[in-house]
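Participant: Input file: input.tsv. Contents: TSV, C-alpha atoms.
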```tsv
chain	number	residue	atom	x	y	z
A	188	MET	CA	15.91	-25.63	-11.34
A	189	SER	CA	14.64	-29.09	-10.42
A	190	ASP	CA	16.71	-29.81	-7.29
A	191	LEU	CA	14.20	-29.36	-4.46
A	192	SER	CA	16.89	-28.45	-1.95
A	193	ALA	CA	18.07	-25.65	-4.23
A	194	VAL	CA	14.47	-24.50	-4.74
A	195	LYS	CA	13.93	-24.38	-1.00
A	196	ALA	CA	17.17	-22.49	-0.45
A	197	ALA	CA	16.15	-19.88	-3.02
A	198	LEU	CA	12.72	-19.47	-1.43
A	199	LYS	CA	14.22	-19.04	2.02
A	200	THR	CA	16.48	-16.24	0.90
A	201	GLN	CA	13.91	-14.35	-1.16
A	202	ALA	CA	12.89	-11.08	0.48
A	203	VAL	CA	9.72	-9.09	-0.20
A	204	GLU	CA	9.64	-5.47	0.92
A	205	THR	CA	6.34	-4.19	2.28
A	206	PRO	CA	5.18	-0.56	1.90
A	207	SER	CA	4.45	1.52	4.97
A	208	TRP	CA	1.46	3.14	3.27
A	209	ALA	CA	-0.27	-0.20	2.77
A	210	TYR	CA	-0.76	-0.44	6.53
A	211	GLY	CA	-2.62	2.88	6.62
A	212	ASN	CA	-5.94	3.97	5.19
A	213	SER	CA	-5.62	4.11	1.43
A	214	GLY	CA	-7.79	3.33	-1.53
A	215	THR	CA	-8.97	5.09	-4.66
A	216	ARG	CA	-9.28	8.73	-5.60
A	217	PHE	CA	-13.04	8.35	-5.10
A	218	LYS	CA	-13.14	7.08	-1.54
A	219	VAL	CA	-10.90	5.79	1.21
A	220	PHE	CA	-12.70	3.58	3.73
A	221	THR	CA	-11.26	3.75	7.22
A	222	GLN	CA	-10.77	0.68	9.40
A	223	PRO	CA	-10.34	0.27	13.16
A	224	GLY	CA	-6.84	-0.47	14.40
A	225	VAL	CA	-5.06	1.30	11.55
A	226	PRO	CA	-1.63	2.74	12.53
A	227	ARG	CA	-1.40	6.36	13.58
A	228	THR	CA	2.37	6.75	13.39
A	229	PRO	CA	5.29	5.37	11.38
A	230	GLN	CA	6.23	3.35	14.45
A	231	GLU	CA	2.85	1.63	14.53
A	232	LYS	CA	3.21	0.85	10.83
A	233	LEU	CA	6.50	-0.88	11.65
A	234	ASP	CA	4.78	-2.81	14.44
A	235	ASP	CA	2.34	-4.20	11.88
A	236	ALA	CA	5.10	-4.89	9.37
A	237	ALA	CA	6.90	-6.91	12.02
A	238	GLN	CA	3.84	-9.14	12.23
A	239	VAL	CA	3.93	-9.74	8.47
A	240	HIS	CA	7.60	-10.69	8.68
A	241	ALA	CA	7.00	-12.92	11.70
A	242	PHE	CA	4.29	-14.92	9.93
A	243	THR	CA	5.88	-15.09	6.46
A	244	GLY	CA	9.60	-15.13	7.32
A	245	VAL	CA	10.49	-13.26	4.11
A	246	ALA	CA	9.42	-9.62	4.63
A	247	PRO	CA	12.35	-8.07	6.52
A	248	THR	CA	12.28	-4.53	5.07
A	249	VAL	CA	9.74	-1.71	4.97
A	250	ALA	CA	9.64	1.09	2.41
A	251	LEU	CA	8.95	4.60	3.66
A	252	HIS	CA	7.08	7.41	1.89
A	253	ILE	CA	8.08	10.98	2.62
A	254	PRO	CA	6.38	13.08	3.95
A	255	TRP	CA	3.78	10.44	4.88
A	256	ASP	CA	6.34	8.86	7.22
A	257	LYS	CA	8.07	12.06	8.30
A	258	VAL	CA	9.67	11.94	11.76
A	259	ASP	CA	12.11	14.16	13.62
A	260	ASP	CA	14.78	11.47	14.00
A	261	TYR	CA	15.17	8.97	11.15
A	262	ALA	CA	18.09	7.21	12.78
A	263	ALA	CA	15.87	6.54	15.77
A	264	LEU	CA	13.16	5.20	13.47
A	265	ALA	CA	15.71	2.86	11.88
A	266	LYS	CA	16.66	1.65	15.35
A	267	TYR	CA	12.98	1.14	16.20
A	268	ALA	CA	12.67	-1.04	13.09
A	269	GLU	CA	15.81	-2.99	13.96
A	270	GLU	CA	14.47	-3.75	17.43
A	271	ARG	CA	11.50	-5.40	15.72
A	272	GLY	CA	13.62	-7.50	13.38
A	273	LEU	CA	13.20	-5.14	10.44
A	274	LYS	CA	15.21	-2.74	8.34
A	275	LEU	CA	14.07	0.37	6.54
A	276	GLY	CA	14.03	-0.10	2.79
A	277	ALA	CA	13.42	2.22	-0.13
A	278	ILE	CA	12.69	5.88	0.50
A	279	ASN	CA	9.83	7.01	-1.73
A	280	SER	CA	9.63	10.67	-2.64
A	281	ASN	CA	6.38	12.60	-3.01
A	282	VAL	CA	6.21	15.44	-5.51
A	283	PHE	CA	2.60	14.93	-6.51
A	284	GLN	CA	0.41	16.06	-3.61
A	285	ASP	CA	1.28	19.73	-3.30
A	286	ASP	CA	-0.76	22.45	-4.99
A	287	ASP	CA	2.43	23.85	-6.50
A	288	TYR	CA	2.75	20.68	-8.60
A	289	LYS	CA	-0.47	21.18	-10.56
A	290	LEU	CA	1.57	21.71	-13.75
A	291	GLY	CA	4.39	19.38	-12.77
A	292	SER	CA	7.20	19.11	-10.25
A	293	VAL	CA	10.69	18.69	-11.69
A	294	THR	CA	9.34	19.38	-15.20
A	295	ASN	CA	7.26	22.40	-14.18
A	296	PRO	CA	7.75	25.50	-16.36
A	297	ASP	CA	8.36	27.56	-13.18
A	298	PRO	CA	12.01	27.28	-12.02
A	299	GLU	CA	11.07	28.03	-8.42
A	300	ILE	CA	8.69	25.09	-8.30
A	301	ARG	CA	11.30	22.86	-9.95
A	302	GLY	CA	13.74	23.95	-7.26
A	303	LYS	CA	11.25	23.09	-4.52
A	304	ALA	CA	10.74	19.62	-5.98
A	305	LEU	CA	14.48	19.02	-6.32
A	306	ALA	CA	15.03	20.10	-2.73
A	307	HIS	CA	12.57	17.42	-1.61
A	308	LEU	CA	14.33	14.74	-3.64
A	309	LEU	CA	17.67	15.72	-2.10
A	310	GLU	CA	16.04	15.68	1.34
A	311	CYS	CA	15.06	12.07	0.64
A	312	VAL	CA	18.72	11.22	0.01
A	313	ASP	CA	19.55	12.81	3.38
A	314	ILE	CA	16.94	10.51	4.92
A	315	MET	CA	18.56	7.54	3.19
A	316	ASP	CA	21.85	8.49	4.82
A	317	ALA	CA	20.17	8.48	8.24
A	318	THR	CA	18.23	5.23	7.78
A	319	GLY	CA	20.90	3.26	5.91
A	320	SER	CA	18.51	2.77	3.00
A	321	ARG	CA	19.96	1.68	-0.34
A	322	ASP	CA	17.23	2.82	-2.72
A	323	LEU	CA	15.59	6.11	-3.60
A	324	LYS	CA	12.35	5.54	-5.50
A	325	LEU	CA	11.23	8.29	-7.87
A	326	TRP	CA	7.79	8.48	-9.45
A	327	PHE	CA	6.58	11.62	-11.14
A	328	SER	CA	2.96	12.44	-11.90
A	329	ASP	CA	4.29	15.17	-14.20
A	330	GLY	CA	2.71	15.50	-17.62
A	331	THR	CA	0.21	17.50	-19.64
A	332	ASN	CA	-3.49	17.23	-20.34
A	333	TYR	CA	-3.75	19.16	-23.61
A	334	PRO	CA	-1.82	19.48	-26.86
A	335	GLY	CA	0.32	22.60	-26.76
A	336	GLN	CA	0.08	22.93	-22.98
A	337	ASP	CA	3.87	22.73	-22.67
A	338	ASP	CA	6.95	21.87	-24.69
A	339	ILE	CA	7.35	18.08	-24.58
A	340	ALA	CA	11.09	18.10	-25.32
A	341	ALA	CA	11.76	20.92	-22.85
A	342	ARG	CA	10.07	18.91	-20.11
A	343	GLN	CA	12.45	16.03	-20.82
A	344	GLU	CA	15.39	18.42	-20.46
A	345	ARG	CA	14.09	19.63	-17.10
A	346	LEU	CA	13.59	16.04	-15.99
A	347	ALA	CA	17.13	15.11	-17.00
A	348	GLU	CA	18.58	18.06	-15.10
A	349	ALA	CA	16.78	17.10	-11.90
A	350	LEU	CA	17.73	13.43	-12.18
A	351	GLN	CA	21.37	14.38	-12.76
A	352	ALA	CA	21.42	16.54	-9.62
A	353	VAL	CA	19.95	13.73	-7.54
A	354	TYR	CA	22.27	11.16	-9.07
A	355	GLU	CA	25.33	13.21	-8.17
A	356	ARG	CA	24.11	13.39	-4.55
A	357	LEU	CA	23.83	9.60	-4.16
A	358	GLY	CA	26.40	7.75	-2.08
A	359	ASP	CA	28.54	4.95	-3.44
A	360	ASP	CA	26.18	2.24	-2.17
A	361	GLN	CA	22.93	4.03	-2.98
A	362	ARG	CA	20.73	3.67	-6.04
A	363	MET	CA	18.05	5.65	-7.84
A	364	LEU	CA	15.01	3.67	-8.99
A	365	LEU	CA	13.03	5.43	-11.72
A	366	GLU	CA	9.43	4.31	-11.98
A	367	TYR	CA	7.10	4.91	-14.93
A	368	LYS	CA	3.36	5.04	-15.56
A	369	PHE	CA	1.79	5.39	-18.96
A	370	PHE	CA	-1.09	7.64	-17.91
A	371	GLU	CA	-2.84	9.23	-14.94
A	372	PRO	CA	-3.07	11.86	-13.67
A	373	ALA	CA	-1.73	13.37	-16.92
A	374	PHE	CA	-3.91	12.26	-19.82
A	375	TYR	CA	-2.21	13.73	-22.92
A	376	THR	CA	1.50	13.23	-22.21
A	377	THR	CA	3.22	11.73	-19.19
A	378	ASP	CA	6.85	12.70	-18.72
A	379	VAL	CA	7.96	9.18	-17.73
A	380	PRO	CA	5.30	7.05	-19.45
A	381	ASP	CA	7.11	3.79	-20.12
A	382	TRP	CA	10.12	1.59	-19.47
A	383	GLY	CA	11.93	2.93	-22.53
A	384	THR	CA	11.83	6.51	-21.27
A	385	ALA	CA	12.97	5.43	-17.81
A	386	TYR	CA	15.72	3.26	-19.31
A	387	ALA	CA	16.95	6.06	-21.56
A	388	HIS	CA	17.35	8.45	-18.62
A	389	CYS	CA	18.99	5.78	-16.45
A	390	LEU	CA	21.42	4.88	-19.23
A	391	LYS	CA	22.65	8.47	-19.46
A	392	LEU	CA	22.95	8.84	-15.70
A	393	GLY	CA	25.07	5.78	-14.93
A	394	PRO	CA	25.00	2.40	-13.18
A	395	LYS	CA	23.43	3.67	-9.94
A	396	ALA	CA	20.25	4.56	-11.89
A	397	GLN	CA	17.94	1.60	-12.43
A	398	VAL	CA	14.41	1.05	-13.67
A	399	CYS	CA	11.55	0.11	-11.35
A	400	VAL	CA	8.87	-2.01	-13.04
A	401	ASP	CA	5.46	-1.45	-11.48
A	402	THR	CA	3.38	-4.41	-12.62
A	403	GLY	CA	0.20	-2.30	-12.73
A	404	HIS	CA	1.62	0.54	-14.83
A	405	HIS	CA	1.13	-0.81	-18.33
A	406	ALA	CA	-1.47	-0.74	-21.04
A	407	PRO	CA	-3.68	-3.84	-21.22
A	408	GLY	CA	-1.96	-6.57	-23.20
A	409	THR	CA	1.57	-5.32	-22.54
A	410	ASN	CA	4.06	-8.18	-22.30
A	411	ILE	CA	5.62	-7.24	-18.97
A	412	GLU	CA	7.86	-10.31	-18.88
A	413	PHE	CA	9.52	-9.13	-22.09
A	414	ILE	CA	10.35	-5.83	-20.41
A	415	VAL	CA	11.72	-7.71	-17.40
A	416	ALA	CA	13.87	-9.96	-19.59
A	417	LEU	CA	15.31	-7.05	-21.53
A	418	LEU	CA	16.10	-4.93	-18.47
A	419	LEU	CA	17.73	-7.89	-16.74
A	420	ARG	CA	19.83	-8.53	-19.84
A	421	GLU	CA	20.96	-4.89	-19.80
A	422	GLY	CA	21.63	-4.91	-16.04
A	423	ARG	CA	19.09	-2.16	-15.45
A	424	LEU	CA	16.24	-3.87	-13.59
A	425	GLY	CA	16.51	-2.38	-10.13
A	426	ALA	CA	13.17	-3.20	-8.56
A	427	PHE	CA	9.58	-4.26	-8.86
A	428	ASP	CA	6.55	-2.55	-7.46
A	429	PHE	CA	4.28	-5.56	-7.22
A	430	ASN	CA	0.55	-5.03	-7.49
A	431	SER	CA	-2.29	-5.96	-9.79
A	432	ARG	CA	-4.83	-4.24	-12.00
A	433	PHE	CA	-7.49	-5.36	-14.41
A	434	TYR	CA	-8.67	-2.43	-16.53
A	435	ALA	CA	-6.23	0.31	-15.59
A	436	ASP	CA	-4.47	1.94	-12.65
A	437	ASP	CA	-3.04	-0.46	-10.06
A	438	ASP	CA	-2.90	-1.03	-6.29
A	439	LEU	CA	-4.82	-4.31	-6.08
A	440	MET	CA	-3.07	-7.27	-4.49
A	441	VAL	CA	-0.27	-8.72	-6.58
A	442	GLY	CA	-1.30	-11.85	-8.47
A	443	ALA	CA	-4.97	-11.20	-7.79
A	444	ALA	CA	-6.20	-10.54	-11.33
A	445	ASP	CA	-3.69	-12.61	-13.31
A	446	PRO	CA	-1.52	-15.03	-11.30
A	447	PHE	CA	-0.28	-16.59	-14.54
A	448	GLN	CA	1.25	-13.25	-15.53
A	449	LEU	CA	3.05	-13.05	-12.19
A	450	PHE	CA	4.43	-16.54	-12.79
A	451	ARG	CA	5.65	-15.55	-16.26
A	452	ILE	CA	7.35	-12.49	-14.83
A	453	MET	CA	9.01	-14.48	-12.07
A	454	TYR	CA	10.20	-17.08	-14.56
A	455	GLU	CA	12.08	-14.37	-16.45
A	456	VAL	CA	13.48	-13.14	-13.14
A	457	VAL	CA	14.73	-16.62	-12.30
A	458	ARG	CA	16.02	-17.26	-15.81
A	459	GLY	CA	17.81	-13.89	-15.90
A	460	GLY	CA	19.47	-14.24	-12.51
A	461	GLY	CA	17.26	-11.61	-10.91
A	462	LEU	CA	16.94	-13.46	-7.62
A	463	ASP	CA	20.65	-12.93	-6.99
A	464	SER	CA	21.40	-9.61	-8.68
A	465	GLY	CA	20.09	-7.09	-6.16
A	466	VAL	CA	16.63	-6.64	-7.65
A	467	ALA	CA	14.28	-5.32	-4.96
A	468	PHE	CA	10.93	-7.11	-4.76
A	469	MET	CA	8.65	-4.48	-3.29
A	470	LEU	CA	4.90	-4.41	-2.84
A	471	ASP	CA	3.16	-1.18	-3.83
A	472	GLN	CA	-0.46	-1.69	-2.92
A	473	CYS	CA	-3.38	-0.01	-1.23
A	474	HIS	CA	-5.96	-1.95	0.72
A	475	ASN	CA	-9.27	-0.19	0.76
A	476	ILE	CA	-11.97	-2.81	1.38
A	477	GLU	CA	-9.82	-5.69	2.66
A	478	PRO	CA	-8.07	-5.80	6.08
A	479	LYS	CA	-4.54	-4.46	5.78
A	480	ILE	CA	-2.24	-6.99	7.44
A	481	PRO	CA	-3.92	-10.15	6.08
A	482	ALA	CA	-3.90	-8.59	2.59
A	483	ILE	CA	-0.17	-7.96	2.82
A	484	ILE	CA	0.51	-11.46	4.14
A	485	ARG	CA	-1.53	-12.92	1.28
A	486	SER	CA	0.38	-10.76	-1.22
A	487	VAL	CA	3.74	-11.95	0.08
A	488	MET	CA	2.48	-15.52	-0.25
A	489	ASN	CA	1.35	-14.84	-3.83
A	490	VAL	CA	4.87	-13.72	-4.72
A	491	GLN	CA	6.30	-16.79	-3.03
A	492	GLU	CA	3.98	-19.14	-4.91
A	493	ALA	CA	4.79	-17.58	-8.28
A	494	THR	CA	8.51	-17.76	-7.46
A	495	ALA	CA	8.28	-21.38	-6.39
A	496	LYS	CA	6.56	-22.34	-9.64
A	497	ALA	CA	9.16	-20.41	-11.64
A	498	LEU	CA	11.95	-22.25	-9.82
A	499	LEU	CA	10.32	-25.59	-10.67
A	500	VAL	CA	10.47	-25.03	-14.43
A	501	ASP	CA	12.57	-27.83	-15.97
A	502	ARG	CA	15.08	-25.55	-17.68
A	503	ASP	CA	16.86	-28.39	-19.49
A	504	ALA	CA	13.64	-29.78	-20.92
A	505	LEU	CA	12.53	-26.30	-21.89
A	506	ALA	CA	15.81	-25.54	-23.66
A	507	ALA	CA	15.68	-28.85	-25.52
A	508	ALA	CA	12.13	-28.21	-26.70
A	509	GLN	CA	13.00	-24.69	-27.78
A	510	ALA	CA	16.12	-25.81	-29.66
A	511	SER	CA	14.18	-28.48	-31.54
A	512	GLY	CA	11.33	-26.16	-32.46
A	513	ASP	CA	8.84	-28.12	-30.35
A	514	VAL	CA	6.39	-25.30	-29.80
A	515	LEU	CA	3.79	-27.22	-27.83
A	516	GLY	CA	6.41	-29.15	-25.88
A	517	ALA	CA	8.09	-25.95	-24.74
A	518	ASN	CA	4.78	-24.45	-23.70
A	519	ALA	CA	3.90	-27.65	-21.84
A	520	VAL	CA	7.09	-27.43	-19.77
A	521	LEU	CA	6.08	-23.98	-18.55
A	522	MET	CA	2.48	-25.06	-17.95
A	523	ASP	CA	3.55	-28.13	-15.98
A	524	ALA	CA	5.43	-25.88	-13.56
A	525	TYR	CA	2.59	-23.36	-13.36
A	526	ASN	CA	0.01	-26.06	-12.67
A	527	THR	CA	2.06	-27.53	-9.83
A	528	ASP	CA	0.51	-27.06	-6.40
A	529	VAL	CA	3.44	-25.49	-4.55
A	530	ARG	CA	1.60	-24.90	-1.29
A	531	PRO	CA	2.91	-28.09	0.34
A	532	LEU	CA	6.45	-27.15	-0.70
A	533	LEU	CA	6.10	-23.69	0.80
A	534	ALA	CA	4.63	-25.16	3.96
A	535	GLU	CA	7.80	-27.26	4.28
A	536	VAL	CA	9.95	-24.18	3.70
A	537	ARG	CA	8.14	-22.32	6.47
A	538	GLU	CA	8.46	-25.21	8.88
A	539	GLU	CA	12.19	-25.29	8.17
A	540	LEU	CA	12.25	-21.56	8.93
A	541	GLU	CA	10.52	-22.45	12.22
A	542	ILE	CA	7.36	-20.50	11.48
A	543	ASP	CA	3.77	-21.67	11.05
A	544	PRO	CA	3.20	-23.41	7.68
A	545	ASP	CA	-0.06	-21.46	7.24
A	546	PRO	CA	0.68	-17.73	7.75
A	547	MET	CA	-2.91	-16.59	7.24
A	548	ALA	CA	-4.32	-18.98	9.80
A	549	ALA	CA	-1.52	-18.22	12.23
A	550	TYR	CA	-2.19	-14.51	12.02
A	551	ARG	CA	-5.93	-15.00	12.52
A	552	VAL	CA	-5.40	-16.77	15.84
A	553	SER	CA	-2.52	-14.55	17.00
A	554	GLY	CA	-4.77	-11.92	18.54
A	555	TRP	CA	-2.89	-9.04	16.90
A	556	ALA	CA	-5.93	-7.77	15.00
A	557	GLU	CA	-7.99	-7.58	18.18
A	558	LYS	CA	-5.09	-6.03	20.10
A	559	ILE	CA	-4.58	-3.10	17.72
A	560	VAL	CA	-8.31	-2.38	17.48
A	561	ALA	CA	-8.45	-2.14	21.28
A	562	GLU	CA	-5.25	-0.14	21.72
A	563	ARG	CA	-5.24	2.26	18.77
A	564	VAL	CA	-8.01	4.52	19.92
A	565	GLY	CA	-7.78	8.27	19.45
A	566	GLY	CA	-5.31	10.22	17.43
A	567	THR	CA	-5.27	10.44	13.65
A	568	GLN	CA	-5.03	7.33	11.53
A	569	ALA	CA	-2.30	7.23	8.91
A	570	GLY	CA	-3.34	7.59	5.31
A	571	TRP	CA	-2.36	9.18	2.03
A	572	GLY	CA	-1.54	12.46	3.70
A	573	ALA	CA	0.05	11.25	6.92
```
How would this structure read if it were set down as structure tokens?

Facilitator:
Amino acid sequence: MSDLSAVKAALKTQAVETPSWAYGNSGTRFKVFTQPGVPRTPQEKLDDAAQVHAFTGVAPTVALHIPWDKVDDYAALAKYAEERGLKLGAINSNVFQDDDYKLGSVTNPDPEIRGKALAHLLECVDIMDATGSRDLKLWFSDGTNYPGQDDIAARQERLAEALQAVYERLGDDQRMLLEYKFFEPAFYTTDVPDWGTAYAHCLKLGPKAQVCVDTGHHAPGTNIEFIVALLLREGRLGAFDFNSRFYADDDLMVGAADPFQLFRIMYEVVRGGGLDSGVAFMLDQCHNIEPKIPAIIRSVMNVQEATAKALLVDRDALAAAQASGDVLGANAVLMDAYNTDVRPLLAEVREELEIDPDPMAAYRVSGWAEKIVAERVGGTQAGWGA
């Protein structure tokens, strides 16, 4: 796409969903460092998310995590978000923090524990009904640590049964997003370890079941853009959880460790029509040593920059080089786009959206950081358990 007006139009309509938990205290399993001004309630998380949207112009939805964001009235919470120019996005289930789930949730050998986990997943669909959310995000920590610990095939059967029950409960306009992670906390087998396992389950369930690609949930060296291209081709790429990792795990800011990888992923999204096909571009990050709101603003900007570069790829020149077998020429077309400084272009886009061309600087002088530190005194700060 070389028409700058078309590039700008695409950038203006791109939406990045921010995660409620990223505004709270979160970090690693070793230590979570608290910060002043952190939200104490789901409403205060939405207040912060509204600031991110105000300064970036492209973050209109917020994902919730249940029970971290549990409230008595979800319709009222949706209205609270709407009053701040936001909508509630994906509902994320949590079947990994209860003692009962030590040996698994929906794949647990104990039918009573499986029933408890399924009841929570169905509760999350009830919450979707109340909030108007489209997507239910499922991630399971289920797996085993030792050979022989459990029957691998039987666990897949239990997983399929639970997914089928949830799928049948979904409304016509609702989707199930199945996430995968190749290890941790289960170190011998993980029940949904890769995109192929997630895709296989989604394929059996039907079109409302889609795969969520978490950019940090792959072995080093995995070609994530290949996975993206294939899932787009099959119509099964439902969402991204954007984050970054270097050795393993995830939760660092998207594009932080390897911005070129993010560009390659976004090129496949653009090439495969993913900007217009309902793919949800969600952040899934935890900010432990960096301030929360600026980190989320920077992350949204990283996604925008990678998208802008992907949109600038000369598709005609690339196709011609590929068709003629010009290996270096084809690579050069991609590299020319990646090496383009798109910050002036994005500054123009923001000015046309009538927001400050420099979101980070605008937030710094807004006074919001000082305001929340002064006002959010007392109570319990939100974190991985609240």

Participant: Box in all listed atoms of stretch 232-238 of chain A, axis-aligned, with 5 Å more on each side; write out centre and edge lengths in Å to one decimal as JSON.

Facilitator:
```
{"center_x": 4.6, "center_y": -4.1, "center_z": 11.9, "size_x": 14.6, "size_y": 20.0, "size_z": 15.1}
```

Participant: Using only C-alpha atoms - which residues lie no farther than 8 Å from the point (12.1, -2.2, -12.4) in the file's frame? Write them as a ChimeraX atom specification.

Facilitator: /A:364-366,397-401,415,418,423-428,466

Participant: Skip A:Arg502 itself and residues of its chain fewer than 4 positions away, then list as a ChimeraX atom specification all residues within 10 Å of it, counting all atoms listed in the file.

Facilitator: /A:188-189,458,497-498,506-508,517,520-521

Participant: If we count only C-alpha atoms and set the cut-off at 12 Å, which residues sit around A:Thr200, ignoring sequence neighbours fewer than 6 positions away in its own chain? Please answer as a ChimeraX atom specification.

Facilitator: /A:193-194,244-247,462-463,491,494,536-537,540

Participant: Rounded to one decimal, what separation in Å do you get between atom CA of A:Thr205 and atom CA of A:Thr402?

Facilitator: 15.2 Å

Participant: Please return stretch 338-345 of chain A, rebuilt to all heavy atoms, as a PDB file, in the coordinates of the input.

Facilitator:
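Okay, this is what ended up in selection34.pdb:
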```pdb
ATOM      1  N   ASP A 338       6.002  22.409 -23.719  1.00  0.00           N
ATOM      2  CA  ASP A 338       6.950  21.870 -24.690  1.00  0.00           C
ATOM      3  C   ASP A 338       7.406  20.490 -24.227  1.00  0.00           C
ATOM      4  O   ASP A 338       8.061  20.362 -23.185  1.00  0.00           O
ATOM      5  CB  ASP A 338       8.134  22.824 -24.809  1.00  0.00           C
ATOM      6  CG  ASP A 338       9.085  22.442 -25.919  1.00  0.00           C
ATOM      7  OD1 ASP A 338       9.557  21.283 -25.930  1.00  0.00           O
ATOM      8  OD2 ASP A 338       9.381  23.311 -26.764  1.00  0.00           O
ATOM      9  N   ILE A 339       7.059  19.456 -24.991  1.00  0.00           N
ATOM     10  CA  ILE A 339       7.350  18.080 -24.580  1.00  0.00           C
ATOM     11  C   ILE A 339       8.847  17.857 -24.421  1.00  0.00           C
ATOM     12  O   ILE A 339       9.298  17.281 -23.420  1.00  0.00           O
ATOM     13  CB  ILE A 339       6.758  17.089 -25.607  1.00  0.00           C
ATOM     14  CG1 ILE A 339       5.229  17.156 -25.597  1.00  0.00           C
ATOM     15  CG2 ILE A 339       7.237  15.664 -25.318  1.00  0.00           C
ATOM     16  CD1 ILE A 339       4.566  16.331 -26.693  1.00  0.00           C
ATOM     17  N   ALA A 340       9.636  18.309 -25.385  1.00  0.00           N
ATOM     18  CA  ALA A 340      11.090  18.100 -25.320  1.00  0.00           C
ATOM     19  C   ALA A 340      11.709  18.888 -24.173  1.00  0.00           C
ATOM     20  O   ALA A 340      12.626  18.399 -23.496  1.00  0.00           O
ATOM     21  CB  ALA A 340      11.733  18.497 -26.651  1.00  0.00           C
ATOM     22  N   ALA A 341      11.222  20.109 -23.943  1.00  0.00           N
ATOM     23  CA  ALA A 341      11.760  20.920 -22.850  1.00  0.00           C
ATOM     24  C   ALA A 341      11.507  20.248 -21.497  1.00  0.00           C
ATOM     25  O   ALA A 341      12.352  20.314 -20.587  1.00  0.00           O
ATOM     26  CB  ALA A 341      11.138  22.317 -22.876  1.00  0.00           C
ATOM     27  N   ARG A 342      10.367  19.609 -21.368  1.00  0.00           N
ATOM     28  CA  ARG A 342      10.070  18.910 -20.110  1.00  0.00           C
ATOM     29  C   ARG A 342      11.049  17.761 -19.891  1.00  0.00           C
ATOM     30  O   ARG A 342      11.454  17.482 -18.764  1.00  0.00           O
ATOM     31  CB  ARG A 342       8.618  18.416 -20.108  1.00  0.00           C
ATOM     32  CG  ARG A 342       7.600  19.538 -20.059  1.00  0.00           C
ATOM     33  CD  ARG A 342       6.171  19.014 -20.116  1.00  0.00           C
ATOM     34  NE  ARG A 342       5.749  18.451 -18.842  1.00  0.00           N
ATOM     35  CZ  ARG A 342       5.161  19.134 -17.854  1.00  0.00           C
ATOM     36  NH1 ARG A 342       4.951  20.436 -17.992  1.00  0.00           N
ATOM     37  NH2 ARG A 342       4.791  18.541 -16.742  1.00  0.00           N
ATOM     38  N   GLN A 343      11.457  17.095 -20.958  1.00  0.00           N
ATOM     39  CA  GLN A 343      12.450  16.030 -20.820  1.00  0.00           C
ATOM     40  C   GLN A 343      13.804  16.598 -20.397  1.00  0.00           C
ATOM     41  O   GLN A 343      14.530  15.968 -19.615  1.00  0.00           O
ATOM     42  CB  GLN A 343      12.582  15.257 -22.133  1.00  0.00           C
ATOM     43  CG  GLN A 343      11.389  14.370 -22.462  1.00  0.00           C
ATOM     44  CD  GLN A 343      11.149  13.281 -21.425  1.00  0.00           C
ATOM     45  OE1 GLN A 343      12.059  12.552 -21.048  1.00  0.00           O
ATOM     46  NE2 GLN A 343       9.900  13.176 -20.953  1.00  0.00           N
ATOM     47  N   GLU A 344      14.141  17.769 -20.878  1.00  0.00           N
ATOM     48  CA  GLU A 344      15.390  18.420 -20.460  1.00  0.00           C
ATOM     49  C   GLU A 344      15.352  18.756 -18.972  1.00  0.00           C
ATOM     50  O   GLU A 344      16.323  18.546 -18.247  1.00  0.00           O
ATOM     51  CB  GLU A 344      15.624  19.689 -21.282  1.00  0.00           C
ATOM     52  CG  GLU A 344      16.013  19.443 -22.722  1.00  0.00           C
ATOM     53  CD  GLU A 344      17.366  18.749 -22.843  1.00  0.00           C
ATOM     54  OE1 GLU A 344      18.228  18.969 -21.968  1.00  0.00           O
ATOM     55  OE2 GLU A 344      17.547  17.966 -23.793  1.00  0.00           O
ATOM     56  N   ARG A 345      14.229  19.291 -18.528  1.00  0.00           N
ATOM     57  CA  ARG A 345      14.090  19.630 -17.100  1.00  0.00           C
ATOM     58  C   ARG A 345      14.169  18.377 -16.239  1.00  0.00           C
ATOM     59  O   ARG A 345      14.791  18.374 -15.178  1.00  0.00           O
ATOM     60  CB  ARG A 345      12.764  20.344 -16.864  1.00  0.00           C
ATOM     61  CG  ARG A 345      12.598  21.649 -17.616  1.00  0.00           C
ATOM     62  CD  ARG A 345      11.145  22.129 -17.526  1.00  0.00           C
ATOM     63  NE  ARG A 345      10.843  23.102 -18.575  1.00  0.00           N
ATOM     64  CZ  ARG A 345       9.627  23.342 -19.062  1.00  0.00           C
ATOM     65  NH1 ARG A 345       8.578  22.637 -18.593  1.00  0.00           N
ATOM     66  NH2 ARG A 345       9.435  24.232 -20.005  1.00  0.00           N
TER      67      ARG A 345
END
```
